[in-house]
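Report on one structure; see the data block that follows.
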Amino acid sequence: MIVALIDSGLGLLPTSAWLRRLRPDLDLMLSLDPEGAPWGPRDEQWVIDRVVGTARRAVDRGAEVVVLPCNTASVTALEHVRADLGPEIPVIGTVPAIKPAAAMCDSVAIWATAATTASAYQARLVEQFANGSSVVGVACHGLADAIDRGDLDAVGDAITSAAARTPDDVTGVVLGCTHYPLVADEIAARLPAGVVLFDSAEAVAAQTLRRIDALGRESTGGGTVEVLLSGTPGELPVSAATFDAGRLLLAAPSRR
């Protein structure tokens with residue numbers, strides 16, 4: 001069975017790596033969009049058209065399940081993708097892990113891109129899931145772009161800046177961009193001891209596997225990884241090798 005994962009850049013790596021660890025026989029189709037990245041500042045209709053078109057092409061190439069391991073794609077285009085593909089194709093989106101963080105911590109910071117931090121989407125999630133906890137948004141300027149480039153110096157600078165703007169009483173940090181789990185160790189090292197990080201990659205992977213099992217179809221594959229770059233067959237960017245998740249996927253057999 002082929003599972004397609006769609007993001008503008010390396011934000012799809014954490015969820016893809018979890019799928020690889022949990023079900024190594026699955027065939028993964030990784031659709032990145034270097035020509036259109038980043039998606040966050042783009043017009044909403046542009047993002048909808050881009051993501052729906054990418055998902056449709058993935059299904060045309062044999063994908064039976066579609067995952068959007070990207071907050072921008074999920075909030076903007078998830079329902080449009082589901083409507084376009086129909087009920088036969090499971091489509092799994094991503095939601096920042098605010099609910100579990102608020103359940104465990106009295107004071108929570110959500111690290112996200114500037115666009116997400118200022119969005120009505122994040123405000124609604126906080127209103128819905130804060131559960132009495134204090135929640136503050138911290139815009140991590142340049143962090144996702146630095147991760148896409150594999151620029152660890154710039155990654156360190158962005159993390160240091162975000163950590164300095166995180167209130168001292170925070171005990172939980174939600175990684176509100178799917179790129180950020182790739183540098184979770186670096187983030188943890190710059191926060192006070194005892195601060196717990198929350199991300200959704202493993203949960204999204206687990207939900208994907210539940211949806212696959214519910215289909216009742218044969219899901220065993222060859223454990224291959226196919227990469228599409230703005231719709232064209234290619235390879236993961238060299239920068240992917242900077243991160244454990246990227247190296248795991250680069251080591252998988254390639255499907256062309």
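Just so we're on the same page: first chain in the structure tokens is A, next is B, and so on; residues restart at 1 for each chain, and ligands are numbered from 1 in the order they show up.
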What are the closest atom pairs, with distances in Å to one decimal, for all residues of range 173-229 of chain A lying within 8 Å of range 23-29 of chain A? Consider only C-alpha atoms, order rows by chain and residue number, and present the result as a tab-separated table.
```
residue	atom	partner	partner_atom	distance
A:Ser219	CA	A:Leu26	CA	6.9
A:Thr220	CA	A:Asp25	CA	5.6
A:Gly221	CA	A:Asp25	CA	5.1
A:Gly222	CA	A:Asp25	CA	5.4
A:Gly223	CA	A:Asp25	CA	4.1
A:Thr224	CA	A:Asp27	CA	4.7
A:Val225	CA	A:Leu28	CA	4.8
A:Glu226	CA	A:Met29	CA	4.7
A:Val227	CA	A:Met29	CA	5.9
A:Leu228	CA	A:Met29	CA	7.4
```
Write out, as a PDB file, in the first residue's frame, the residues just selected, with all heavy atoms.
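Everything below was put into selection.pdb:
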```
ATOM      1  N   SER A 219      -2.037  -4.380   3.085  1.00  0.00           N
ATOM      2  CA  SER A 219      -1.225  -3.160   3.187  1.00  0.00           C
ATOM      3  C   SER A 219       0.263  -3.423   3.072  1.00  0.00           C
ATOM      4  O   SER A 219       1.060  -2.481   3.047  1.00  0.00           O
ATOM      5  CB  SER A 219      -1.510  -2.449   4.518  1.00  0.00           C
ATOM      6  OG  SER A 219      -1.131  -3.262   5.625  1.00  0.00           O
ATOM      7  N   THR A 220       0.667  -4.673   3.024  1.00  0.00           N
ATOM      8  CA  THR A 220       2.086  -4.986   2.935  1.00  0.00           C
ATOM      9  C   THR A 220       2.647  -4.520   1.594  1.00  0.00           C
ATOM     10  O   THR A 220       2.067  -4.766   0.543  1.00  0.00           O
ATOM     11  CB  THR A 220       2.328  -6.489   3.097  1.00  0.00           C
ATOM     12  OG1 THR A 220       1.808  -6.906   4.352  1.00  0.00           O
ATOM     13  CG2 THR A 220       3.809  -6.811   3.025  1.00  0.00           C
ATOM     14  N   GLY A 221       3.784  -3.830   1.661  1.00  0.00           N
ATOM     15  CA  GLY A 221       4.450  -3.374   0.444  1.00  0.00           C
ATOM     16  C   GLY A 221       5.919  -3.713   0.481  1.00  0.00           C
ATOM     17  O   GLY A 221       6.350  -4.607   1.221  1.00  0.00           O
ATOM     18  N   GLY A 222       6.693  -2.971  -0.270  1.00  0.00           N
ATOM     19  CA  GLY A 222       8.127  -3.229  -0.330  1.00  0.00           C
ATOM     20  C   GLY A 222       8.958  -2.313   0.530  1.00  0.00           C
ATOM     21  O   GLY A 222      10.190  -2.385   0.502  1.00  0.00           O
ATOM     22  N   GLY A 223       8.299  -1.423   1.301  1.00  0.00           N
ATOM     23  CA  GLY A 223       9.038  -0.499   2.150  1.00  0.00           C
ATOM     24  C   GLY A 223       9.812   0.542   1.370  1.00  0.00           C
ATOM     25  O   GLY A 223      10.828   1.048   1.839  1.00  0.00           O
ATOM     26  N   THR A 224       9.307   0.884   0.178  1.00  0.00           N
ATOM     27  CA  THR A 224      10.020   1.841  -0.665  1.00  0.00           C
ATOM     28  C   THR A 224       9.630   3.276  -0.337  1.00  0.00           C
ATOM     29  O   THR A 224       8.592   3.538   0.279  1.00  0.00           O
ATOM     30  CB  THR A 224       9.736   1.585  -2.161  1.00  0.00           C
ATOM     31  OG1 THR A 224       8.329   1.758  -2.396  1.00  0.00           O
ATOM     32  CG2 THR A 224      10.157   0.181  -2.552  1.00  0.00           C
ATOM     33  N   VAL A 225      10.472   4.204  -0.772  1.00  0.00           N
ATOM     34  CA  VAL A 225      10.203   5.640  -0.637  1.00  0.00           C
ATOM     35  C   VAL A 225      10.345   6.283  -2.012  1.00  0.00           C
ATOM     36  O   VAL A 225      11.382   6.143  -2.670  1.00  0.00           O
ATOM     37  CB  VAL A 225      11.172   6.304   0.360  1.00  0.00           C
ATOM     38  CG1 VAL A 225      10.998   7.821   0.337  1.00  0.00           C
ATOM     39  CG2 VAL A 225      10.937   5.766   1.771  1.00  0.00           C
ATOM     40  N   GLU A 226       9.276   6.935  -2.445  1.00  0.00           N
ATOM     41  CA  GLU A 226       9.284   7.696  -3.698  1.00  0.00           C
ATOM     42  C   GLU A 226       9.192   9.168  -3.348  1.00  0.00           C
ATOM     43  O   GLU A 226       8.409   9.567  -2.463  1.00  0.00           O
ATOM     44  CB  GLU A 226       8.100   7.286  -4.570  1.00  0.00           C
ATOM     45  CG  GLU A 226       8.000   8.074  -5.876  1.00  0.00           C
ATOM     46  CD  GLU A 226       6.777   7.682  -6.695  1.00  0.00           C
ATOM     47  OE1 GLU A 226       5.867   7.028  -6.135  1.00  0.00           O
ATOM     48  OE2 GLU A 226       6.727   8.036  -7.881  1.00  0.00           O
ATOM     49  N   VAL A 227       9.966  10.004  -4.022  1.00  0.00           N
ATOM     50  CA  VAL A 227       9.986  11.441  -3.759  1.00  0.00           C
ATOM     51  C   VAL A 227       9.524  12.192  -4.995  1.00  0.00           C
ATOM     52  O   VAL A 227      10.001  11.944  -6.114  1.00  0.00           O
ATOM     53  CB  VAL A 227      11.398  11.912  -3.354  1.00  0.00           C
ATOM     54  CG1 VAL A 227      11.427  13.425  -3.145  1.00  0.00           C
ATOM     55  CG2 VAL A 227      11.854  11.188  -2.084  1.00  0.00           C
ATOM     56  N   LEU A 228       8.586  13.118  -4.794  1.00  0.00           N
ATOM     57  CA  LEU A 228       8.135  14.010  -5.855  1.00  0.00           C
ATOM     58  C   LEU A 228       8.433  15.446  -5.435  1.00  0.00           C
ATOM     59  O   LEU A 228       8.101  15.856  -4.323  1.00  0.00           O
ATOM     60  CB  LEU A 228       6.636  13.835  -6.107  1.00  0.00           C
ATOM     61  CG  LEU A 228       6.179  12.448  -6.540  1.00  0.00           C
ATOM     62  CD1 LEU A 228       4.656  12.390  -6.617  1.00  0.00           C
ATOM     63  CD2 LEU A 228       6.800  12.071  -7.878  1.00  0.00           C
TER      64      LEU A 228
END
```
- Message: Considering only strand (DSSP E or B) as DSSP defines it on the backbone, what residues of range 20-206 of chain A qualify? List them as a ChimeraX atom specification.
- Response: /A:27-32,63-67,91-92,107-112,134-139,172-175,196-198
Output file for the residues above (N, CA, C and O atoms, as a compact mmCIF listing (two decimals), in the first residue's frame):
```
# COMPACT_ATOMS: atom_id res chain seq x y z
N ASP A 27 4.83 1.42 1.60
CA ASP A 27 5.48 2.24 0.58
C ASP A 27 5.04 3.69 0.79
O ASP A 27 3.84 3.98 0.88
N LEU A 28 6.01 4.59 0.86
CA LEU A 28 5.73 5.99 1.13
C LEU A 28 6.00 6.83 -0.11
O LEU A 28 7.00 6.63 -0.80
N MET A 29 5.11 7.77 -0.37
CA MET A 29 5.29 8.73 -1.46
C MET A 29 5.39 10.12 -0.80
O MET A 29 4.41 10.61 -0.23
N LEU A 30 6.57 10.72 -0.87
CA LEU A 30 6.81 12.00 -0.21
C LEU A 30 6.74 13.12 -1.24
O LEU A 30 7.58 13.21 -2.13
N SER A 31 5.71 13.97 -1.12
CA SER A 31 5.51 15.06 -2.07
C SER A 31 5.90 16.39 -1.42
O SER A 31 5.20 16.88 -0.53
N LEU A 32 7.03 16.94 -1.87
CA LEU A 32 7.50 18.24 -1.43
C LEU A 32 7.25 19.26 -2.54
O LEU A 32 7.06 18.89 -3.70
N ALA A 63 -1.46 6.11 -4.76
CA ALA A 63 -1.63 6.27 -3.32
C ALA A 63 -3.05 5.90 -2.91
O ALA A 63 -4.02 6.29 -3.57
N GLU A 64 -3.17 5.16 -1.81
CA GLU A 64 -4.48 4.78 -1.28
C GLU A 64 -4.84 5.53 -0.01
O GLU A 64 -5.98 5.47 0.46
N VAL A 65 -3.86 6.22 0.55
CA VAL A 65 -4.05 7.02 1.76
C VAL A 65 -3.24 8.31 1.58
O VAL A 65 -2.13 8.27 1.04
N VAL A 66 -3.80 9.44 2.02
CA VAL A 66 -3.12 10.73 1.91
C VAL A 66 -3.00 11.34 3.30
O VAL A 66 -3.98 11.39 4.06
N VAL A 67 -1.79 11.82 3.63
CA VAL A 67 -1.53 12.46 4.91
C VAL A 67 -1.03 13.87 4.64
O VAL A 67 -0.17 14.08 3.77
N VAL A 91 -7.98 10.64 4.32
CA VAL A 91 -7.11 11.81 4.32
C VAL A 91 -6.92 12.24 5.77
O VAL A 91 -7.89 12.57 6.46
N ILE A 92 -5.69 12.21 6.23
CA ILE A 92 -5.38 12.48 7.64
C ILE A 92 -4.66 13.82 7.74
O ILE A 92 -3.68 14.07 7.04
N SER A 107 1.04 25.97 32.31
CA SER A 107 1.51 27.09 31.49
C SER A 107 2.19 26.54 30.24
O SER A 107 3.17 25.79 30.34
N VAL A 108 1.66 26.91 29.08
CA VAL A 108 2.08 26.31 27.81
C VAL A 108 2.47 27.40 26.82
O VAL A 108 1.81 28.44 26.73
N ALA A 109 3.54 27.16 26.08
CA ALA A 109 3.90 28.01 24.95
C ALA A 109 3.74 27.21 23.66
O ALA A 109 4.10 26.04 23.61
N ILE A 110 3.20 27.84 22.64
CA ILE A 110 3.11 27.21 21.32
C ILE A 110 4.14 27.87 20.42
O ILE A 110 4.04 29.05 20.08
N TRP A 111 5.16 27.11 20.07
CA TRP A 111 6.16 27.59 19.12
C TRP A 111 5.65 27.28 17.72
O TRP A 111 5.34 26.13 17.40
N ALA A 112 5.56 28.32 16.88
CA ALA A 112 5.05 28.12 15.53
C ALA A 112 5.61 29.22 14.63
O ALA A 112 6.33 30.11 15.08
N SER A 134 -2.70 28.46 31.04
CA SER A 134 -2.21 29.67 30.41
C SER A 134 -1.46 29.28 29.14
O SER A 134 -0.57 28.43 29.18
N VAL A 135 -1.83 29.87 28.00
CA VAL A 135 -1.21 29.52 26.72
C VAL A 135 -0.73 30.79 26.03
O VAL A 135 -1.49 31.75 25.87
N VAL A 136 0.53 30.78 25.61
CA VAL A 136 1.11 31.93 24.91
C VAL A 136 1.71 31.45 23.59
O VAL A 136 2.27 30.35 23.52
N GLY A 137 1.57 32.25 22.56
CA GLY A 137 2.17 31.93 21.28
C GLY A 137 3.55 32.56 21.15
O GLY A 137 3.75 33.71 21.54
N VAL A 138 4.50 31.81 20.62
CA VAL A 138 5.87 32.31 20.39
C VAL A 138 6.20 32.09 18.92
O VAL A 138 6.26 30.95 18.44
N ALA A 139 6.37 33.19 18.19
CA ALA A 139 6.71 33.10 16.77
C ALA A 139 8.19 32.78 16.61
O ALA A 139 9.05 33.49 17.12
N GLY A 172 5.45 23.52 29.46
CA GLY A 172 5.23 22.71 28.27
C GLY A 172 5.33 23.56 27.02
O GLY A 172 4.81 24.67 26.99
N VAL A 173 6.01 23.05 26.00
CA VAL A 173 6.12 23.74 24.72
C VAL A 173 5.56 22.85 23.62
O VAL A 173 6.01 21.72 23.43
N VAL A 174 4.56 23.37 22.93
CA VAL A 174 3.96 22.67 21.79
C VAL A 174 4.75 23.05 20.54
O VAL A 174 4.92 24.23 20.24
N LEU A 175 5.23 22.06 19.82
CA LEU A 175 5.92 22.30 18.56
C LEU A 175 4.85 22.42 17.47
O LEU A 175 4.38 21.43 16.92
N VAL A 196 8.56 20.21 29.06
CA VAL A 196 8.18 19.07 28.23
C VAL A 196 7.79 19.55 26.84
O VAL A 196 7.05 20.53 26.69
N LEU A 197 8.31 18.87 25.82
CA LEU A 197 7.95 19.19 24.45
C LEU A 197 6.81 18.29 23.97
O LEU A 197 6.78 17.10 24.29
N PHE A 198 5.90 18.86 23.19
CA PHE A 198 4.78 18.11 22.64
C PHE A 198 4.74 18.31 21.13
O PHE A 198 4.78 19.45 20.66
```
- Option closest in space to Glu186 in chain A, from A:Ala103, A:Ala154, A:Ala245, A:Ile159 [counting only C-alpha atoms]: A:Ile159
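Neighbours of Pro34 in chain A closer than or equal to 9 Å, with only C-alpha atoms counted and sequence neighbours fewer than 3 positions away skipped, come out as Ser8, Gly9, Ala37, Pro38, Leu229 and Ser230 of chain A.
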- Task: For range 41-54 of chain A, please output as number ranges by chain all residues within 10 Å (counting only C-alpha atoms; exclusion window: fewer than 4 positions along the same chain).
- Result: A: 4-8, 31-33, 36-37, 58-60, 68, 72-85, 114-116, 228, 230-231
- Could you give me, as number ranges by chain, each residue of range 50-186 of chain A that DSSP assigns to helix (DSSP H, G or I) when run on this structure's backbone? A: 50-60, 71-85, 98-104, 114-117, 120-129, 143-149, 152-164, 180-186
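Once Gly142 in chain A and its same-chain neighbours fewer than 4 positions away are set aside, Pro38, Trp111, Ala112, Thr113, Ala114, Ala115, Ala146, Ile147, Asp148, Arg149, Asp151, Leu152, Asp153, Ala154, Val155, Gly156, Asp157, Ala158, Ile159, Thr160, Ser161, Ala162, Cys177, His179 and Tyr180 of chain A remain within 12 Å of it when counting only C-alpha atoms.
You can rank A:Leu12, A:Ala193, A:Met104, A:Ala214 by their closest distance to Cys70 in chain A using only C-alpha atoms, and at the top of that list sits A:Leu12.
We find CA of Gly176 in chain A and CA of Ile98 in chain A to be spaced 8.5 Å apart.
Nearest residue to Val170 in chain A among A:Pro192, A:Pro90, A:Gly150, A:Pro100 is A:Pro192, counting only C-alpha atoms.
Minimum atom-to-atom distances from A:Gly86, A:Pro237, A:Gly132, A:Pro181 to Ala55 in chain A were compared using only C-alpha atoms, and the lowest value belongs to A:Gly86.
Using only C-alpha atoms, the protein and nucleic acid residues lying no more than 9 Å from Leu209 in chain A, apart from those fewer than 3 places from it along its own chain, are A:Leu19, A:Leu22, A:Arg23, A:Val204, A:Ala205, A:Ala206, A:Ile212, A:Asp213, A:Ala214.
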Output N, CA and C atoms for every residue in the selection just made, as a PDB file, in the first residue's frame.
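For reference, result_6.pdb as written:
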```
ATOM      1  N   LEU A  19       6.035   6.529  10.500  1.00  0.00           N
ATOM      2  CA  LEU A  19       5.415   5.467   9.710  1.00  0.00           C
ATOM      3  C   LEU A  19       6.440   4.411   9.325  1.00  0.00           C
ATOM      4  N   LEU A  22       7.127   2.321  12.501  1.00  0.00           N
ATOM      5  CA  LEU A  22       5.997   1.525  12.979  1.00  0.00           C
ATOM      6  C   LEU A  22       5.528   0.492  11.967  1.00  0.00           C
ATOM      7  N   ARG A  23       5.650   0.787  10.672  1.00  0.00           N
ATOM      8  CA  ARG A  23       5.202  -0.133   9.627  1.00  0.00           C
ATOM      9  C   ARG A  23       6.193  -0.059   8.457  1.00  0.00           C
ATOM     10  N   VAL A 204      -0.081  11.438  14.544  1.00  0.00           N
ATOM     11  CA  VAL A 204      -0.587  11.446  13.167  1.00  0.00           C
ATOM     12  C   VAL A 204      -0.248  10.121  12.480  1.00  0.00           C
ATOM     13  N   ALA A 205       0.971   9.625  12.711  1.00  0.00           N
ATOM     14  CA  ALA A 205       1.349   8.335  12.142  1.00  0.00           C
ATOM     15  C   ALA A 205       0.461   7.216  12.680  1.00  0.00           C
ATOM     16  N   ALA A 206       0.191   7.239  13.979  1.00  0.00           N
ATOM     17  CA  ALA A 206      -0.658   6.201  14.571  1.00  0.00           C
ATOM     18  C   ALA A 206      -2.078   6.266  14.018  1.00  0.00           C
ATOM     19  N   ILE A 212      -5.608   2.944   7.916  1.00  0.00           N
ATOM     20  CA  ILE A 212      -5.204   1.893   6.977  1.00  0.00           C
ATOM     21  C   ILE A 212      -5.820   0.560   7.396  1.00  0.00           C
ATOM     22  N   ASP A 213      -5.703   0.218   8.676  1.00  0.00           N
ATOM     23  CA  ASP A 213      -6.236  -1.056   9.151  1.00  0.00           C
ATOM     24  C   ASP A 213      -7.753  -1.128   8.964  1.00  0.00           C
ATOM     25  N   ALA A 214      -8.424   0.019   9.118  1.00  0.00           N
ATOM     26  CA  ALA A 214      -9.881   0.046   8.973  1.00  0.00           C
ATOM     27  C   ALA A 214     -10.332  -0.212   7.538  1.00  0.00           C
TER      28      ALA A 214
END
```
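When CA of Leu248 in chain A is paired with CA of Ala144 in chain A, their separation reads 20.0 Å.
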